[in-house]
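A.B. asks: Below: one structure in structure tokens.
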There are 2 protein chains.
Amino acid sequence: MQIAPASNSADGSATQRTYLAIRRMIVAGVIKPGEKLKIEQLRTRLDTGASPIREALSLLTSEHLVTRIDQRGFRAAETSRKNFNEILEMRCELEEMALRKSIGRATDAWEEGVMLANYRMVRARQQGGEKFEDLHKAFHMALLANCDAPILLQFCSQLYDLNIRYRYLAGLALNYQKRDVDTEHRRIMECAIARDADTASAELKSHYRQTGAFIAELIGEDVSD
Amino acid sequence: MQIAPASNSADGSATQRTYLAIRRMIVAGVIKPGEKLKIEQLRTRLDTGASPIREALSLLTSEHLVTRIDQRGFRAAETSRKNFNEILEMRCELEEMALRKSIGRATDAWEEGVMLANYRMVRARQQGGEKFEDLHKAFHMALLANCDAPILLQFCSQLYDLNIRYRYLAGLALNYQKRDVDTEHRRIMECAIARDADTASAELKSHYRQTGAFIAELIGEDVSD
DNA sequence: TTCGCAAATAATGTCGATATTTTCCGCGTA
DNA sequence: TACGCGGAAAATATCGACATTATTTGCGAA
């Protein structure tokens with residue numbers, strides 16, 4: 001098995017770097033919901049021209065992290081409880097689909113990939129580095145990676161980022177330690193590797209909904225849904 | 001009820017126009033799968049600068065209509081039977097979700113919107129204009145429009161375009177007349193308006209799968225899935 | 001003839017400048 | 001004081017030009 005290195009972020013074109021940088025800032029809450037994204041401002045901040053920024057923002061618009069109003073520029077997407085609920089629900093539906101497919105086509109290589117991703121994630125938490133969140137996503141994506149449905153996979157990835165944004169905004173990277181999240185992850189992984197799609201799906205959704213319920217409370221905002 | 005005009009395509013920024021123009025060309029098969037999309041070429045063809053084209057292509061990349069290889073430019077996305085099957089399946093799943101939500105929240109205004117969209121679509125076919133395909137999409141989207149889940153709706157819209165591309169490539173805008181598609185549409189609409197979510201979903205999926213099976217055959221290509 | 005290397009060609013990606021549009025501010029009027 | 005109308009300032013969107021990278025072409029050697 002070819003072990004992939006832990007993704008370099010310094011490579012690639014200016015557009016790619018800019019895209020990743022802005023996305024990171026929005027997801028991590030450095031840029032707040034609704035905040036204006038001025039080209040000039042980003043230009044100096046990221047030390048690049050207008051074109052890469054514009055392209056990056058266009059991409060982010062497709063991903064619902066940025067909204068665009070014609071002739072009036074870009075803004076970080078607004079957040080709302082309703083939006084959060086939709087993301088959570090969609091995630092449960094689509095990840096279940098992907099997980100079942102993944103398990104249905106299980107191979108040794110996939111198993112190993114999941115195992116490795118879990119190991120890296122757990123280690124990162126113990127070491128307390130900043131890498132944890134990326135590896136957390138990598139673990140969840142590794143579970144789905146075998147589904148052989150690129151579009152579905154991309155939807156899941158997108159929804160993951162939208163969801164994690166709320167976690168950052170709620171400011172509870174810490175809260176994780178209270179629940180025994182490592183155990184939850186291990187249970188999901190073990191069910192998946194044991195080819196038990198029903199239990200794995202149930203555990204996965206429960207995992208998401210527990211975190212989800214907690215965050216939903218913190219969002220304040222009365223609005224209906 | 002406010003009756004919306006049948007969408008102007010000449011308005012908006014250069015980026016918007018460019019985006020719509022290129023998307024239309026790819027979806028309609030004027031640009032073939034895998035074809036190189038040279039900036040210079042598009043620049044003269046659409047009479048605009050490089051920036052709007054680049055932005056438009058970035059957007060289309062997110063929608064799986066264009067692929068990008070770093071430092072090597074853009075190409076129209078490849079097609080394959082496997083890709084088609086994924087699109088079809090995703091569409092059935094997601095549109096069912098959206099339709100059920102839409103019906104669950106049914107209102108008079110929504111009913112009227114569906115009715116109107118159907119009327120316009122049927123009329124366009126009879127008159128044989130080029131507007132039919134747009135109005136066909138408008139009808140299907142009208143069914144889902146009430147779901148109150150913007151992300152889901154966008155996924156459906158995206159998948160619709162990906163799917164219809166295969167119909168164009170198979171070259172059977174005509175084939176439609178053989179089956180009584182108007183009746184299928186009417187049945188779906190009537191079930192939806194009658195708040196019968198189960199039957200409506202079943203009819204909708206059957207509608208897609210009938211067309212889908214027909215197209216899948218025409219794709220040739222042996223490949224596994 | 002075929003292969004590989006190197007120059008020429010072409011295309012991408014990026015930058016800085018400009019025209020157009022929006023936004024902000026202050027002034028005059030009811 | 002409140003309102004609306006300009007005009008100034010700022011920001012967006014777009015263009016044309018340039019640097020960098022890929023691709024093709026042609027030449028020489030095995």
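Residue numbering restarts at 1 in every chain; chains get A, B, ... in the order shown in the structure tokens, and ligands count up from 1 in that same order.
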Residues of chain D were defined as contacting chain B if any atom lay at most 10 Å from it, counting only C-alpha atoms (C1' of nucleotides); please report them as a PDB file with N, CA, C and O atoms (P, O5', C5', C4', C3', O3' and C1' of nucleotides), in the first residue's frame.
C.D. replies:
ATOM      1  P    DA D  13     -17.947  42.293  -8.614  1.00  0.00           P
ATOM      2  O5'  DA D  13     -17.530  42.611 -10.114  1.00  0.00           O
ATOM      3  C5'  DA D  13     -18.290  43.564 -10.836  1.00  0.00           C
ATOM      4  C4'  DA D  13     -17.639  43.862 -12.157  1.00  0.00           C
ATOM      5  C3'  DA D  13     -17.179  42.647 -12.948  1.00  0.00           C
ATOM      6  O3'  DA D  13     -17.646  42.811 -14.274  1.00  0.00           O
ATOM      7  C1'  DA D  13     -15.404  44.193 -12.749  1.00  0.00           C
ATOM      8  P    DT D  14     -17.494  41.684 -15.371  1.00  0.00           P
ATOM      9  O5'  DT D  14     -16.303  42.223 -16.286  1.00  0.00           O
ATOM     10  C5'  DT D  14     -16.436  43.504 -16.892  1.00  0.00           C
ATOM     11  C4'  DT D  14     -15.106  43.983 -17.405  1.00  0.00           C
ATOM     12  C3'  DT D  14     -14.373  42.988 -18.305  1.00  0.00           C
ATOM     13  O3'  DT D  14     -14.416  43.484 -19.635  1.00  0.00           O
ATOM     14  C1'  DT D  14     -12.896  44.122 -16.794  1.00  0.00           C
ATOM     15  P    DC D  15     -13.928  42.574 -20.839  1.00  0.00           P
ATOM     16  O5'  DC D  15     -12.507  43.219 -21.163  1.00  0.00           O
ATOM     17  C5'  DC D  15     -12.435  44.628 -21.369  1.00  0.00           C
ATOM     18  C4'  DC D  15     -11.009  45.102 -21.215  1.00  0.00           C
ATOM     19  C3'  DC D  15     -10.003  44.400 -22.135  1.00  0.00           C
ATOM     20  O3'  DC D  15      -9.559  45.318 -23.134  1.00  0.00           O
ATOM     21  C1'  DC D  15      -9.160  44.656 -19.889  1.00  0.00           C
ATOM     22  P    DG D  16      -8.968  44.759 -24.481  1.00  0.00           P
ATOM     23  O5'  DG D  16      -7.403  44.864 -24.232  1.00  0.00           O
ATOM     24  C5'  DG D  16      -6.840  46.119 -23.884  1.00  0.00           C
ATOM     25  C4'  DG D  16      -5.438  45.937 -23.375  1.00  0.00           C
ATOM     26  C3'  DG D  16      -4.517  45.109 -24.275  1.00  0.00           C
ATOM     27  O3'  DG D  16      -3.293  45.809 -24.427  1.00  0.00           O
ATOM     28  C1'  DG D  16      -4.499  44.236 -22.078  1.00  0.00           C
ATOM     29  P    DT D  20       9.242  34.904 -14.431  1.00  0.00           P
ATOM     30  O5'  DT D  20       8.495  33.510 -14.376  1.00  0.00           O
ATOM     31  C5'  DT D  20       7.142  33.462 -13.901  1.00  0.00           C
ATOM     32  C4'  DT D  20       6.456  32.241 -14.460  1.00  0.00           C
ATOM     33  C3'  DT D  20       7.350  31.004 -14.606  1.00  0.00           C
ATOM     34  O3'  DT D  20       6.759  29.952 -13.870  1.00  0.00           O
ATOM     35  C1'  DT D  20       6.062  31.336 -16.552  1.00  0.00           C
ATOM     36  P    DT D  21       7.560  28.584 -13.573  1.00  0.00           P
ATOM     37  O5'  DT D  21       6.736  27.491 -14.392  1.00  0.00           O
ATOM     38  C5'  DT D  21       5.320  27.522 -14.349  1.00  0.00           C
ATOM     39  C4'  DT D  21       4.749  26.855 -15.579  1.00  0.00           C
ATOM     40  C3'  DT D  21       5.368  25.504 -15.918  1.00  0.00           C
ATOM     41  O3'  DT D  21       4.361  24.522 -15.813  1.00  0.00           O
ATOM     42  C1'  DT D  21       5.086  26.847 -17.854  1.00  0.00           C
ATOM     43  P    DA D  22       4.616  23.014 -16.196  1.00  0.00           P
ATOM     44  O5'  DA D  22       4.039  22.989 -17.680  1.00  0.00           O
ATOM     45  C5'  DA D  22       2.730  22.475 -17.893  1.00  0.00           C
ATOM     46  C4'  DA D  22       2.383  22.587 -19.354  1.00  0.00           C
ATOM     47  C3'  DA D  22       2.671  21.323 -20.175  1.00  0.00           C
ATOM     48  O3'  DA D  22       1.526  21.039 -20.952  1.00  0.00           O
ATOM     49  C1'  DA D  22       3.659  23.199 -21.213  1.00  0.00           C
TER      50       DA D  22
END
A.B. asks: Taking only C-alpha atoms into account, report as a PyMOL selection string which residues of chain B lie within 12 Å of chain A.
C.D. replies: chain B and resi 11-17+19+49-65+68-73+82-91+93-94+97-98+101+147-156+158-159+162+225
A.B. asks: Taking 4 positions as the minimum chain separation for residues in the same chain, which residues sit within 10 Å of range 26-29 of chain D when counting only C-alpha atoms (C1' of nucleotides)? Answer as an NGL selection string.
C.D. replies: :C and (3-8)
A.B. asks: Please save all heavy atoms of the selected residues as a compact mmCIF listing (two decimals), in the first residue's frame.
C.D. replies:
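Written out: part32.txt:
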# COMPACT_ATOMS: atom_id res chain seq x y z
P DC C 3 11.52 4.64 -31.48
OP1 DC C 3 11.16 3.31 -30.95
OP2 DC C 3 10.45 5.57 -31.90
O5' DC C 3 12.41 5.36 -30.39
C5' DC C 3 13.75 4.89 -30.16
C4' DC C 3 14.63 6.08 -29.81
O4' DC C 3 14.84 6.89 -30.99
C3' DC C 3 14.05 7.02 -28.75
O3' DC C 3 14.80 6.89 -27.55
C2' DC C 3 14.17 8.42 -29.36
C1' DC C 3 15.07 8.22 -30.58
N1 DC C 3 14.75 9.11 -31.72
C2 DC C 3 15.71 10.01 -32.19
O2 DC C 3 16.82 10.04 -31.65
N3 DC C 3 15.40 10.83 -33.25
C4 DC C 3 14.19 10.76 -33.81
N4 DC C 3 13.94 11.56 -34.85
C5 DC C 3 13.20 9.85 -33.34
C6 DC C 3 13.51 9.05 -32.30
P DG C 4 14.26 7.58 -26.19
OP1 DG C 4 14.68 6.75 -25.05
OP2 DG C 4 12.84 7.91 -26.39
O5' DG C 4 15.09 8.93 -26.14
C5' DG C 4 16.51 8.88 -26.28
C4' DG C 4 17.05 10.28 -26.49
O4' DG C 4 16.65 10.77 -27.79
C3' DG C 4 16.54 11.31 -25.48
O3' DG C 4 17.63 12.14 -25.08
C2' DG C 4 15.51 12.11 -26.27
C1' DG C 4 16.12 12.08 -27.67
N9 DG C 4 15.18 12.30 -28.76
C8 DG C 4 13.94 11.72 -28.93
N7 DG C 4 13.33 12.10 -30.03
C5 DG C 4 14.22 12.98 -30.62
C6 DG C 4 14.11 13.71 -31.83
O6 DG C 4 13.18 13.72 -32.65
N1 DG C 4 15.25 14.49 -32.07
C2 DG C 4 16.34 14.54 -31.23
N2 DG C 4 17.34 15.33 -31.63
N3 DG C 4 16.46 13.86 -30.10
C4 DG C 4 15.37 13.10 -29.85
P DC C 5 17.62 12.88 -23.64
OP1 DC C 5 18.61 12.23 -22.77
OP2 DC C 5 16.20 12.98 -23.23
O5' DC C 5 18.14 14.35 -23.97
C5' DC C 5 19.26 14.51 -24.85
C4' DC C 5 19.04 15.73 -25.72
O4' DC C 5 17.97 15.49 -26.66
C3' DC C 5 18.65 17.01 -24.97
O3' DC C 5 19.58 18.02 -25.30
C2' DC C 5 17.25 17.33 -25.47
C1' DC C 5 17.27 16.70 -26.85
N1 DC C 5 15.95 16.38 -27.44
C2 DC C 5 15.60 16.91 -28.69
O2 DC C 5 16.40 17.63 -29.29
N3 DC C 5 14.38 16.61 -29.22
C4 DC C 5 13.54 15.82 -28.57
N4 DC C 5 12.36 15.54 -29.13
C5 DC C 5 13.87 15.27 -27.28
C6 DC C 5 15.07 15.58 -26.76
P DA C 6 19.77 19.30 -24.34
OP1 DA C 6 21.20 19.44 -24.00
OP2 DA C 6 18.75 19.22 -23.27
O5' DA C 6 19.39 20.48 -25.33
C5' DA C 6 19.89 20.45 -26.67
C4' DA C 6 19.08 21.43 -27.51
O4' DA C 6 17.84 20.79 -27.91
C3' DA C 6 18.67 22.71 -26.79
O3' DA C 6 18.78 23.80 -27.67
C2' DA C 6 17.23 22.45 -26.39
C1' DA C 6 16.75 21.63 -27.59
N9 DA C 6 15.60 20.78 -27.31
C8 DA C 6 15.33 20.09 -26.15
N7 DA C 6 14.21 19.40 -26.20
C5 DA C 6 13.71 19.66 -27.47
C6 DA C 6 12.55 19.24 -28.14
N6 DA C 6 11.65 18.42 -27.59
N1 DA C 6 12.36 19.70 -29.39
C2 DA C 6 13.25 20.53 -29.93
N3 DA C 6 14.39 20.99 -29.40
C4 DA C 6 14.55 20.52 -28.16
P DA C 7 19.10 25.28 -27.12
OP1 DA C 7 20.51 25.62 -27.40
OP2 DA C 7 18.58 25.36 -25.74
O5' DA C 7 18.17 26.17 -28.06
C5' DA C 7 18.36 26.11 -29.48
C4' DA C 7 17.02 26.17 -30.17
O4' DA C 7 16.15 25.12 -29.67
C3' DA C 7 16.25 27.49 -29.99
O3' DA C 7 15.84 27.97 -31.25
C2' DA C 7 15.07 27.10 -29.12
C1' DA C 7 14.84 25.64 -29.51
N9 DA C 7 14.17 24.84 -28.49
C8 DA C 7 14.56 24.63 -27.20
N7 DA C 7 13.75 23.83 -26.52
C5 DA C 7 12.78 23.49 -27.45
C6 DA C 7 11.63 22.66 -27.36
N6 DA C 7 11.29 22.00 -26.25
N1 DA C 7 10.88 22.52 -28.48
C2 DA C 7 11.24 23.18 -29.59
N3 DA C 7 12.29 23.98 -29.78
C4 DA C 7 13.02 24.10 -28.67
P DA C 8 15.33 29.46 -31.44
OP1 DA C 8 15.90 30.02 -32.68
OP2 DA C 8 15.47 30.16 -30.15
O5' DA C 8 13.78 29.19 -31.71
C5' DA C 8 13.40 28.39 -32.84
C4' DA C 8 11.91 28.07 -32.77
O4' DA C 8 11.64 27.24 -31.62
C3' DA C 8 10.99 29.29 -32.66
O3' DA C 8 9.89 29.09 -33.54
C2' DA C 8 10.55 29.25 -31.20
C1' DA C 8 10.51 27.75 -30.93
N9 DA C 8 10.66 27.37 -29.53
C8 DA C 8 11.57 27.83 -28.62
N7 DA C 8 11.48 27.27 -27.44
C5 DA C 8 10.43 26.37 -27.58
C6 DA C 8 9.84 25.47 -26.69
N6 DA C 8 10.22 25.31 -25.42
N1 DA C 8 8.81 24.72 -27.15
C2 DA C 8 8.42 24.88 -28.43
N3 DA C 8 8.91 25.69 -29.36
C4 DA C 8 9.92 26.42 -28.87
A.B. asks: From the set C:DA19, C:DA30, C:DT12, C:DC25, which residue has the shortest atom-to-atom contact distance to chain B, counting only C-alpha atoms (C1' of nucleotides)?
C.D. replies: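 Checking each of C:DA19, C:DA30, C:DT12, C:DC25 against chain B, counting only C-alpha atoms (C1' of nucleotides), the winner is C:DT12.
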A.B. asks: Provide the CA of Leu135 in chain B to CA of Thr211 in chain B distance in Å, to one decimal place.
C.D. replies: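 CA of Thr211 in chain B lies 17.6 Å from CA of Leu135 in chain B.
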A.B. asks: Within 12 Å of chain B, which residues of chain C are there when counting only C-alpha atoms (C1' of nucleotides)? Please give them as a PyMOL selection string.
C.D. replies: chain C and resi 10-14+20-21
A.B. asks: Would you mind listing what lies within 9 Å of DT23 in chain C as a PyMOL selection string, with only C-alpha atoms (C1' of nucleotides) counted and same-chain residues fewer than 2 positions away left out?
C.D. replies: chain D and resi 9-11
A.B. asks: Would you mind listing what lies within 7 Å of Phe139 in chain B as a list in words, with only C-alpha atoms (C1' of nucleotides) counted and same-chain residues fewer than 6 positions away left out?
C.D. replies: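 What passes the distance filter is Val114, Ala117 and Asn118 of chain B.
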A.B. asks: Given the selection you just returned, output its residues as a file containing C-alpha atoms, formatted as a PDB file, in the first residue's frame.
C.D. replies:
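As written to disk, selection00.pdb reads:
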ATOM      1  CA  VAL B 114     -46.084  24.166 -10.429  1.00  0.00           C
ATOM      2  CA  ALA B 117     -44.540  25.923 -15.008  1.00  0.00           C
ATOM      3  CA  ASN B 118     -46.289  22.887 -16.436  1.00  0.00           C
TER       4      ASN B 118
END
A.B. asks: For range 165-170 of chain A, find every residue with an atom within 9 Å (counting only C-alpha atoms (C1' of nucleotides)), except residues of its own chain fewer than 4 positions away, and show them as a list in words.
C.D. replies: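 Non-adjacent residues within range: Ile26, Val27, Ala28, Gly29, Lys32, Thr79, Phe84, Tyr160, Asp161, Thr211, Gly212, Ile215, Ala216, Leu218 and Ile219 of chain A.
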A.B. asks: Can you check which residues of range 45-83 of chain B DSSP gives as alpha helix (DSSP H) on the backbone and send them as a list of chain:residue names?
C.D. replies: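 So the alpha helix (DSSP H) residues in range 45-83 of chain B would be B:Arg45, B:Leu46, B:Ala50, B:Ser51, B:Pro52, B:Ile53, B:Arg54, B:Glu55, B:Ala56, B:Leu57, B:Ser58, B:Leu59, B:Leu60, B:Thr61, B:Ser62, B:Arg81, B:Lys82, B:Asn83.
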A.B. asks: At a cut-off of 10 Å, using only C-alpha atoms (C1' of nucleotides), what residues contact range 5-7 of chain D? Leave out same-chain residues fewer than 5 positions from it and give the result as a ChimeraX atom specification.
C.D. replies: /C:25-29
A.B. asks: With N, CA and C atoms (P, O5', C5', C4', C3', O3' and C1' of nucleotides) retained, write the just-selected residues as a PDB file, in the first residue's frame.
C.D. replies:
ATOM      1  P    DC C  25     -19.419  58.087   5.513  1.00  0.00           P
ATOM      2  O5'  DC C  25     -19.466  59.641   5.194  1.00  0.00           O
ATOM      3  C5'  DC C  25     -18.521  60.177   4.267  1.00  0.00           C
ATOM      4  C4'  DC C  25     -19.047  61.488   3.729  1.00  0.00           C
ATOM      5  C3'  DC C  25     -19.706  62.387   4.778  1.00  0.00           C
ATOM      6  O3'  DC C  25     -19.059  63.641   4.770  1.00  0.00           O
ATOM      7  C1'  DC C  25     -21.054  62.218   2.822  1.00  0.00           C
ATOM      8  P    DG C  26     -19.273  64.642   6.007  1.00  0.00           P
ATOM      9  O5'  DG C  26     -19.786  65.960   5.274  1.00  0.00           O
ATOM     10  C5'  DG C  26     -19.217  66.329   4.011  1.00  0.00           C
ATOM     11  C4'  DG C  26     -20.227  67.134   3.231  1.00  0.00           C
ATOM     12  C3'  DG C  26     -20.944  68.215   4.036  1.00  0.00           C
ATOM     13  O3'  DG C  26     -21.028  69.394   3.261  1.00  0.00           O
ATOM     14  C1'  DG C  26     -22.519  66.852   2.973  1.00  0.00           C
ATOM     15  P    DC C  27     -21.073  70.822   3.966  1.00  0.00           P
ATOM     16  O5'  DC C  27     -21.848  71.714   2.913  1.00  0.00           O
ATOM     17  C5'  DC C  27     -21.824  71.364   1.516  1.00  0.00           C
ATOM     18  C4'  DC C  27     -23.235  71.391   0.975  1.00  0.00           C
ATOM     19  C3'  DC C  27     -24.097  72.536   1.520  1.00  0.00           C
ATOM     20  O3'  DC C  27     -24.416  73.429   0.482  1.00  0.00           O
ATOM     21  C1'  DC C  27     -25.293  70.476   1.447  1.00  0.00           C
ATOM     22  P    DG C  28     -24.965  74.875   0.832  1.00  0.00           P
ATOM     23  O5'  DG C  28     -26.457  74.807   0.319  1.00  0.00           O
ATOM     24  C5'  DG C  28     -26.730  74.407  -1.026  1.00  0.00           C
ATOM     25  C4'  DG C  28     -28.148  73.893  -1.128  1.00  0.00           C
ATOM     26  C3'  DG C  28     -29.212  74.898  -0.694  1.00  0.00           C
ATOM     27  O3'  DG C  28     -30.215  74.964  -1.695  1.00  0.00           O
ATOM     28  C1'  DG C  28     -29.511  72.845   0.448  1.00  0.00           C
ATOM     29  P    DT C  29     -31.283  76.152  -1.706  1.00  0.00           P
ATOM     30  O5'  DT C  29     -32.623  75.383  -1.347  1.00  0.00           O
ATOM     31  C5'  DT C  29     -33.002  74.226  -2.116  1.00  0.00           C
ATOM     32  C4'  DT C  29     -34.071  73.454  -1.375  1.00  0.00           C
ATOM     33  C3'  DT C  29     -35.251  74.297  -0.859  1.00  0.00           C
ATOM     34  O3'  DT C  29     -36.462  73.750  -1.336  1.00  0.00           O
ATOM     35  C1'  DT C  29     -34.458  72.845   0.816  1.00  0.00           C
TER      36       DT C  29
END
A.B. asks: What are the DSSP strand (DSSP E or B) residues of range 28-184 of chain A, as a PyMOL selection string?
C.D. replies: chain A and resi 36-37+66-68+74-76
